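Below: start_13.txt (compact mmCIF, C-alpha atoms and all ligand atoms)
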# COMPACT_ATOMS: atom_id res chain seq x y z
CA MET D 4 39.41 -21.59 15.21
CA LYS D 5 38.68 -20.75 11.64
CA SER D 6 37.59 -23.58 9.42
CA HIS D 7 39.57 -24.45 6.32
CA PHE D 8 36.68 -23.04 4.39
CA GLN D 9 37.11 -19.60 5.90
CA ASN D 10 40.85 -19.70 5.37
CA TYR D 11 40.44 -20.46 1.72
CA LEU D 12 37.88 -17.73 1.44
CA PHE D 13 40.38 -15.27 2.76
CA LEU D 14 42.84 -16.43 0.15
CA PHE D 15 40.62 -15.71 -2.76
CA VAL D 16 39.71 -12.25 -1.57
CA ILE D 17 43.27 -11.22 -2.34
CA CYS D 18 43.29 -13.09 -5.62
CA VAL D 19 42.74 -11.43 -8.93
CA PHE D 20 39.46 -12.51 -10.39
CA VAL D 21 39.69 -13.43 -13.97
CA TYR D 22 36.73 -14.83 -15.79
CA SER D 23 36.83 -16.60 -19.05
CA ASP D 24 34.55 -17.64 -21.81
CA CYS D 25 36.23 -20.99 -21.70
CA SER D 26 34.00 -23.84 -22.59
CA TRP D 27 33.22 -26.47 -20.08
CA ALA D 28 35.47 -29.41 -19.36
CA LEU D 29 35.84 -31.46 -16.26
CA PRO D 30 38.57 -29.55 -14.40
CA SER D 31 40.09 -32.78 -13.17
CA HIS D 32 41.13 -33.65 -16.73
CA LYS D 33 43.21 -30.52 -16.84
CA ARG D 34 44.61 -31.25 -13.42
CA LEU D 35 45.61 -34.80 -14.36
CA TRP D 36 47.20 -33.58 -17.56
CA GLU D 37 49.24 -31.04 -15.59
CA ARG D 38 50.30 -33.70 -13.13
CA LYS D 39 51.50 -35.89 -16.00
CA TYR D 40 53.33 -33.23 -17.98
CA GLY D 41 54.51 -30.95 -15.20
CA TYR D 42 53.19 -27.56 -16.26
CA SER D 43 49.96 -25.59 -16.23
CA THR D 44 47.91 -25.71 -19.36
CA SER D 45 44.93 -23.86 -20.76
CA CYS D 46 41.42 -24.94 -21.74
CA MET D 47 42.54 -24.28 -25.32
CA LEU D 48 44.38 -27.59 -25.11
CA CYS D 49 41.15 -29.54 -25.50
CA HIS D 50 38.69 -26.93 -26.72
CA SER D 51 38.54 -24.93 -29.89
CA LYS D 52 38.34 -21.16 -29.74
CA GLY D 53 35.36 -19.35 -28.22
CA GLY D 54 32.52 -20.50 -26.04
CA GLY D 55 30.42 -23.58 -26.33
CA SER D 56 31.65 -27.01 -25.49
CA GLN D 57 33.16 -27.80 -28.88
CA LEU D 58 36.20 -29.99 -28.54
CA GLY D 59 39.34 -29.27 -30.52
CA ALA D 60 41.41 -31.92 -32.28
CA TYR D 61 43.36 -32.97 -29.21
CA GLY D 62 40.23 -32.94 -27.04
CA GLU D 63 38.47 -35.14 -29.59
CA ASP D 64 41.31 -37.67 -29.52
CA PHE D 65 41.24 -37.61 -25.73
CA GLN D 66 37.52 -38.31 -25.82
CA ARG D 67 37.94 -41.04 -28.44
CA PHE D 68 40.39 -42.83 -26.15
CA GLY D 69 38.02 -42.80 -23.21
CA MET D 70 38.84 -39.56 -21.37
CA THR D 71 40.75 -41.51 -18.74
CA PRO D 72 44.12 -40.50 -17.28
CA GLY D 73 45.66 -43.27 -19.41
CA ALA D 74 44.25 -41.72 -22.57
CA PHE D 75 46.82 -38.92 -22.45
CA GLY D 76 49.60 -41.46 -22.89
CA GLU D 77 47.72 -43.35 -25.56
CA ILE D 78 47.37 -40.32 -27.80
CA GLU D 79 50.96 -39.10 -27.41
CA LYS D 80 52.12 -40.64 -30.68
CA ARG D 81 49.20 -39.22 -32.64
CA ASP D 82 49.25 -35.93 -34.45
CA SER D 83 45.80 -34.70 -33.46
CA ASP D 84 45.97 -31.34 -35.22
CA LYS D 85 47.71 -32.76 -38.34
CA ASP D 86 50.50 -30.20 -38.31
CA GLY D 87 53.24 -32.81 -38.80
CA PHE D 88 54.31 -33.01 -35.15
CA THR D 89 53.24 -35.70 -32.72
CA ASN D 90 51.27 -34.67 -29.66
CA ILE D 91 54.10 -35.56 -27.31
CA ASP D 92 56.62 -33.52 -29.30
CA GLU D 93 54.28 -30.55 -29.10
CA ILE D 94 53.59 -31.05 -25.39
CA ARG D 95 57.31 -31.20 -24.64
CA ALA D 96 57.82 -27.95 -26.55
CA LYS D 97 54.79 -26.36 -24.83
CA ALA D 98 53.06 -26.10 -28.17
CA ASN D 99 49.34 -26.83 -28.47
CA PRO D 100 48.78 -30.36 -29.84
CA GLY D 101 45.24 -29.30 -30.76
CA ASP D 102 46.12 -26.26 -32.85
CA PRO D 103 47.98 -26.61 -36.18
CA LEU D 104 49.09 -22.98 -35.90
CA SER D 105 51.02 -23.81 -32.74
CA THR D 106 54.09 -25.94 -33.40
CA PRO D 107 57.25 -26.87 -31.47
CA ALA D 108 59.22 -24.24 -33.41
CA ARG D 109 56.52 -21.60 -32.88
CA PRO D 110 54.32 -22.53 -29.88
CA THR D 111 52.53 -19.09 -29.86
CA ASP D 112 51.23 -17.47 -26.67
CA TRP D 113 48.39 -19.90 -26.07
CA LEU D 114 49.58 -20.70 -22.55
CA SER D 115 49.53 -17.08 -21.44
CA ARG D 116 45.82 -17.32 -20.72
CA VAL D 117 46.19 -20.17 -18.24
CA GLU D 118 44.83 -18.08 -15.39
CA GLU D 119 41.56 -17.62 -17.17
CA SER D 120 40.87 -21.23 -17.67
CA MET D 121 38.41 -23.47 -15.96
CA MET D 122 35.81 -21.06 -14.71
CA PRO D 123 32.54 -22.51 -16.01
CA LEU D 124 30.53 -19.37 -15.27
CA ASP D 125 27.30 -20.35 -16.98
CA GLU D 126 27.04 -23.49 -14.92
CA LEU D 127 28.14 -21.79 -11.72
CA LYS D 128 25.46 -19.13 -12.17
CA LYS D 129 22.85 -21.84 -12.41
CA ILE D 130 24.10 -23.31 -9.15
CA PHE D 131 24.42 -19.99 -7.32
CA PRO D 132 22.23 -17.46 -9.18
CA GLU D 133 22.69 -14.85 -6.46
CA ALA D 134 26.51 -14.93 -6.54
CA ARG D 135 28.32 -11.92 -7.92
CA LYS D 136 31.57 -13.68 -8.53
CA PHE D 137 33.34 -16.93 -8.14
CA SER D 138 36.82 -18.07 -7.37
CA LEU D 139 38.38 -21.44 -7.62
CA LEU D 140 40.62 -23.57 -5.52
CA GLU D 141 42.34 -26.59 -6.96
CA GLY D 142 42.34 -29.24 -4.28
CA THR D 143 44.04 -32.56 -3.86
CA LEU D 144 42.58 -35.14 -1.52
CA PHE D 145 44.87 -36.69 1.07
CA PRO D 146 44.90 -40.49 1.40
CA LEU D 147 42.92 -40.24 4.65
CA GLN D 148 40.28 -38.08 3.01
CA ILE D 149 40.01 -40.52 0.12
CA GLU D 150 39.61 -43.37 2.57
CA GLU D 151 36.94 -41.51 4.53
CA ILE D 152 34.94 -40.67 1.41
CA GLU D 153 35.20 -44.17 -0.05
CA LYS D 154 34.05 -45.70 3.22
CA LYS D 155 30.98 -43.48 3.45
CA LEU D 156 30.25 -43.83 -0.25
CA ASN D 157 30.85 -47.55 -0.21
CA ASP D 158 32.55 -47.13 -3.56
CA LYS D 159 35.98 -46.29 -4.98
CA LEU D 160 36.91 -42.80 -6.12
CA SER D 161 38.42 -42.38 -9.56
CA VAL D 162 41.81 -40.71 -9.93
CA ALA D 163 39.95 -37.68 -11.29
CA ASP D 164 37.86 -37.52 -8.11
CA THR D 165 40.99 -37.13 -6.02
CA VAL D 166 41.85 -33.76 -7.59
CA PRO D 167 38.63 -31.80 -7.10
CA THR D 168 38.36 -28.16 -8.07
CA PHE D 169 36.21 -26.10 -5.73
CA TYR D 170 34.39 -22.95 -6.80
CA PHE D 171 33.49 -20.43 -4.12
CA ALA D 172 30.39 -18.34 -4.66
CA ILE D 173 30.70 -14.79 -3.41
CA LYS D 174 28.07 -12.15 -2.81
CA ASP D 175 28.20 -8.45 -2.00
CA GLN D 176 26.69 -7.66 1.35
CA ASN D 177 26.97 -4.19 2.89
CA ASP D 178 30.01 -3.44 0.72
CA LYS D 179 31.71 -6.60 1.90
CA LEU D 180 32.37 -9.73 -0.05
CA VAL D 181 30.87 -12.68 1.71
CA ARG D 182 30.98 -16.29 0.75
CA ILE D 183 27.73 -18.07 0.36
CA GLY D 184 28.84 -21.53 -0.60
CA VAL D 185 31.01 -23.81 -2.62
CA ALA D 186 30.38 -25.72 -5.83
CA ILE D 187 32.01 -28.77 -7.29
CA PHE D 188 31.64 -30.77 -10.48
CA SER D 189 32.01 -34.50 -10.69
CA ALA D 190 31.39 -37.36 -13.04
CA SER D 191 29.41 -40.48 -12.35
CA ALA D 192 31.71 -43.20 -11.05
CA ARG D 193 30.42 -45.85 -13.43
CA ASN D 194 29.60 -43.68 -16.41
CA PRO D 195 31.96 -40.70 -16.41
CA GLU D 196 31.51 -40.14 -20.14
CA LYS D 197 27.73 -40.00 -19.82
CA LEU D 198 27.01 -38.05 -16.69
CA ILE D 199 28.65 -34.99 -15.15
CA LEU D 200 26.96 -33.16 -12.34
CA GLY D 201 27.48 -29.77 -10.77
CA ILE D 202 26.36 -29.16 -7.21
CA GLY D 203 26.34 -26.20 -4.85
CA VAL D 204 26.44 -26.43 -1.09
CA ASP D 205 25.72 -23.54 1.26
CA LEU D 206 27.55 -22.80 4.49
CA SER D 207 25.30 -25.08 6.48
CA GLY D 208 26.08 -28.02 4.20
CA LYS D 209 22.77 -27.97 2.38
CA ILE D 210 22.50 -28.42 -1.36
CA THR D 211 21.56 -25.18 -3.11
CA ASN D 212 21.21 -26.62 -6.60
CA VAL D 213 22.12 -29.60 -8.72
CA VAL D 214 22.67 -29.19 -12.47
CA LEU D 215 23.64 -31.78 -15.03
CA ILE D 216 26.51 -30.61 -17.19
CA LYS D 217 26.48 -33.75 -19.24
CA ASN D 218 23.57 -36.14 -19.50
CA LYS D 219 23.69 -38.75 -22.20
CA PHE D 220 21.08 -40.97 -20.55
CA ASN D 221 17.70 -39.32 -20.73
CA GLU D 222 16.65 -35.68 -20.75
CA LYS D 223 14.15 -36.30 -17.95
CA LEU D 224 17.14 -36.55 -15.61
CA SER D 225 17.86 -32.88 -16.33
CA ASP D 226 14.28 -31.83 -15.50
CA ASN D 227 13.96 -29.33 -12.73
CA LYS D 228 11.21 -31.51 -11.26
CA PHE D 229 13.75 -34.24 -10.59
CA LEU D 230 16.81 -32.16 -9.74
CA SER D 231 14.99 -29.71 -7.45
CA GLN D 232 14.37 -32.60 -5.04
CA PHE D 233 18.04 -32.36 -4.07
CA LYS D 234 17.68 -28.75 -2.90
CA GLY D 235 17.96 -28.37 0.84
CA LYS D 236 19.22 -31.89 1.34
CA SER D 237 22.53 -32.55 3.07
CA LEU D 238 24.63 -35.49 4.16
CA GLU D 239 21.97 -36.18 6.74
CA SER D 240 19.95 -37.61 3.87
CA THR D 241 20.91 -40.94 2.33
CA LEU D 242 19.76 -39.58 -1.06
CA GLN D 243 18.26 -42.94 -1.85
CA ILE D 244 16.03 -43.21 -4.87
CA LYS D 245 12.39 -43.95 -4.04
CA LYS D 246 13.08 -43.22 -0.39
CA ASP D 247 14.51 -39.69 -0.28
CA ILE D 248 14.36 -38.83 -3.98
CA GLU D 249 11.70 -39.82 -6.48
CA PRO D 250 13.19 -41.16 -9.74
CA ALA D 251 13.06 -38.90 -12.80
CA ALA D 252 10.69 -41.45 -14.36
CA PRO D 253 9.52 -44.94 -13.33
CA ASP D 254 11.88 -46.52 -15.86
CA LEU D 255 14.85 -44.35 -14.85
CA ILE D 256 15.55 -45.70 -11.40
CA MET D 257 19.13 -46.81 -12.15
CA GLU D 258 19.96 -43.55 -13.95
CA SER D 259 18.37 -41.46 -11.20
CA GLY D 260 20.52 -43.40 -8.76
CA LEU D 261 23.66 -42.43 -10.66
CA VAL D 262 22.77 -38.76 -10.26
CA ALA D 263 22.16 -39.27 -6.54
CA GLU D 264 25.47 -41.14 -6.19
CA ALA D 265 27.41 -38.36 -7.88
CA ALA D 266 25.64 -35.82 -5.65
CA LYS D 267 26.56 -37.80 -2.56
CA LYS D 268 30.16 -38.17 -3.70
CA SER D 269 30.34 -34.40 -4.17
CA LEU D 270 28.84 -33.71 -0.75
CA LEU D 271 31.29 -36.09 0.88
CA THR D 272 34.21 -34.50 -0.96
CA ILE D 273 33.24 -30.99 0.12
CA SER D 274 32.68 -32.19 3.66
CA ALA D 275 36.00 -34.06 3.83
CA VAL D 276 37.92 -30.98 2.74
CA PHE D 277 36.11 -28.15 4.50
CA ASN D 278 34.28 -29.49 7.51
CA LYS D 279 37.09 -31.10 9.42
CA ASP D 280 37.50 -28.39 12.02
CA GLN D 281 33.80 -27.84 12.43
CA LYS D 282 33.27 -31.51 13.12
CA ASN D 283 36.09 -31.62 15.64
CA ASN D 284 34.80 -28.53 17.34
CA LYS D 285 31.32 -29.86 17.75
CA PRO D 286 30.44 -30.28 21.39
CA LYS D 287 29.96 -33.91 22.27
CA CA Q 301 50.55 -31.81 -33.95
The structure in this file should be written as structure tokens.
Ligand SMILES: [Ca+2]
Amino acid sequence: MKSHFQNYLFLFVICVFVYSDCSWALPSHKRLWERKYGYSTSCMLCHSKGGGSQLGAYGEDFQRFGMTPGAFGEIEKRDSDKDGFTNIDEIRAKANPGDPLSTPARPTDWLSRVEESMMPLDELKKIFPEARKFSLLEGTLFPLQIEEIEKKLNDKLSVADTVPTFYFAIKDQNDKLVRIGVAIFSASARNPEKLILGIGVDLSGKITNVVLIKNKFNEKLSDNKFLSQFKGKSLESTLQIKKDIEPAAPDLIMESGLVAEAAKKSLLTISAVFNKDQKNNKPK
């Protein structure tokens, strides 16, 4: 029986690959926004034109109000882009509340590039340098999966954690596209505004790389010396600081632990979604 992983991999082979220069944002924010407002949006909603991680007016308001799912509602009455229309009026008209040139009367074609959004290529290439291309799958965790992850993590998942986006890394091998692993990005449970981690897992469940997309604690956490310790580890490791992983610095034990926790949460999420069949098929 094919695993879910293989099935999904088949799906993306027939997909059209579209890459974008979209700046990085946690994909779950986009997903939660879409769930709230009922249509697909683009990274241009929160980010100004071009690359880099520069937030646009609406993205800045979202950040100012805590970047939580509730923040979308809290900034509805604001006019982030100062074009005279409230954010909610623009959203209802499918205009961009972060672009003064897009208004309810003239929304422009900003939503036509939806397909291109949310492919953080620079980060993905750091996680899977040997990959030739990537494809994404927007997932939603089932209640049982959430329960399973929370039990093993001994912690609650955030709403954002329950809508993970998976990125498949693909390589050319003998003229065939083969998958080499899957990557996921997630925020620290306790400090989502300070720490976002990207992690790659190969087909055997081992970590290929860990990168920090956002690190507002201490730059030593982003050091290769610290992060490379995660390479090759899997769920068989407890990823405990001082036991399995040395802290980034003697005074960064708590912060190092947050990185390890986010890594573990990511591993558990990938495992819960893709390893079901494999686990069931394991001989006892
Ligand atoms: Ca406006």
Please find the residues contacting ligand CA 301 (chain Q) at a distance of at most 9 Å between atoms, with all atoms listed in the file counted, and report them as a list in words.
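Using all atoms listed in the file, I find these residues within 9 Å of ligand CA 301 (chain Q): Tyr61, Arg81, Asp82, Ser83, Asp84, Lys85, Asp86, Gly87, Phe88, Thr89, Asn90, Ile91, Asp92, Glu93, Ala98, Asn99, Pro100, Gly101, Asp102, Pro103, Ser105, Thr106 and Pro107 of chain D.
Reported to one decimal place, the separation of atom CA of D:Ala172 from atom CA of D:Glu133 is 8.6 Å.
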Task: Close residues, D:Ile273 itself excluded, 10 Å, all atoms listed in the file, min 2 positions apart in chain, as a list in words - done: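 What passes the distance filter is Phe8, Ile152, Pro167, Phe169, Val185, Ala186, Ile187, Gly203, Val204, Gly208, Lys267, Lys268, Ser269, Leu270, Leu271, Ala275, Val276, Phe277 and Asn278 of chain D.
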So that I can see what lies close to stretch 35-41 of chain D, please list as a PyMOL selection string the residues with an atom at most 9 Å from it, counting all atoms listed in the file and leaving out residues fewer than 4 positions away in the same chain. chain D and resi 30-31+72+75+94-95+162-163+166
Would you mind exporting C-alpha atoms of the selected residues as a tab-separated table (two decimals), keeping the file's coordinate frame?
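Result file is selection_31.tsv:
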chain	number	residue	atom	x	y	z
D	30	PRO	CA	38.57	-29.55	-14.40
D	31	SER	CA	40.09	-32.78	-13.17
D	72	PRO	CA	44.12	-40.50	-17.28
D	75	PHE	CA	46.82	-38.92	-22.45
D	94	ILE	CA	53.59	-31.05	-25.39
D	95	ARG	CA	57.31	-31.20	-24.64
D	162	VAL	CA	41.81	-40.71	-9.93
D	163	ALA	CA	39.95	-37.68	-11.29
D	166	VAL	CA	41.85	-33.76	-7.59
Expressed in Å, the length from atom CA of D:Asn157 to atom CA of D:Phe233 is 20.2 Å
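In this model, the gap between atom CA of D:Lys155 and atom CA of D:Ile244 comes to 17.1 Å.
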Near D:Lys245, within 10 Å and counting only C-alpha atoms, which residues show up once chain neighbours fewer than 4 positions away are dropped, as a ChimeraX atom specification?
/D:249-250,253,256,259-260
*May I have the residues within 6 Å of D:Lys174 as a PyMOL selection string, using all atoms listed in the file and disregarding those fewer than 3 positions away in the same chain?*
chain D and resi 134-135+180-181
How would the residues just picked look written out with C-alpha atoms as a CSV table (one decimal), keeping the file's coordinate frame?
chain,number,residue,atom,x,y,z
D,134,ALA,CA,26.5,-14.9,-6.5
D,135,ARG,CA,28.3,-11.9,-7.9
D,180,LEU,CA,32.4,-9.7,0.0
D,181,VAL,CA,30.9,-12.7,1.7
Need the shell around D:Thr211: protein/DNA/RNA residues with any atom at most 9 Å away, counting only C-alpha atoms. Skip same-chain ones fewer than 5 positions apart. Format as an NGL selection string? :D and (130-131 or 184 or 202-205 or 233-236)
Of the candidates D:Lys80, D:Lys179, D:Lys209, D:Lys219, which one gets nearest to D:Ser191 if we count all atoms listed in the file?
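The shortest atom-to-atom distance to D:Ser191 comes from D:Lys219.
Proximity ranking of D:Leu224, D:Val262, D:Ile149, D:Ala251 relative to D:Ser189 places D:Val262 first, based on all atoms listed in the file.
Here the question is which of D:Met70, D:Met122, D:Leu230, D:Ile173 gets nearest to D:Lys197 using only C-alpha atoms, and that residue is D:Met70.
Closest approach to D:Thr241 among D:Leu156, D:Leu255, D:Cys49, D:Leu127 is made by D:Leu156 (distances from all atoms listed in the file).
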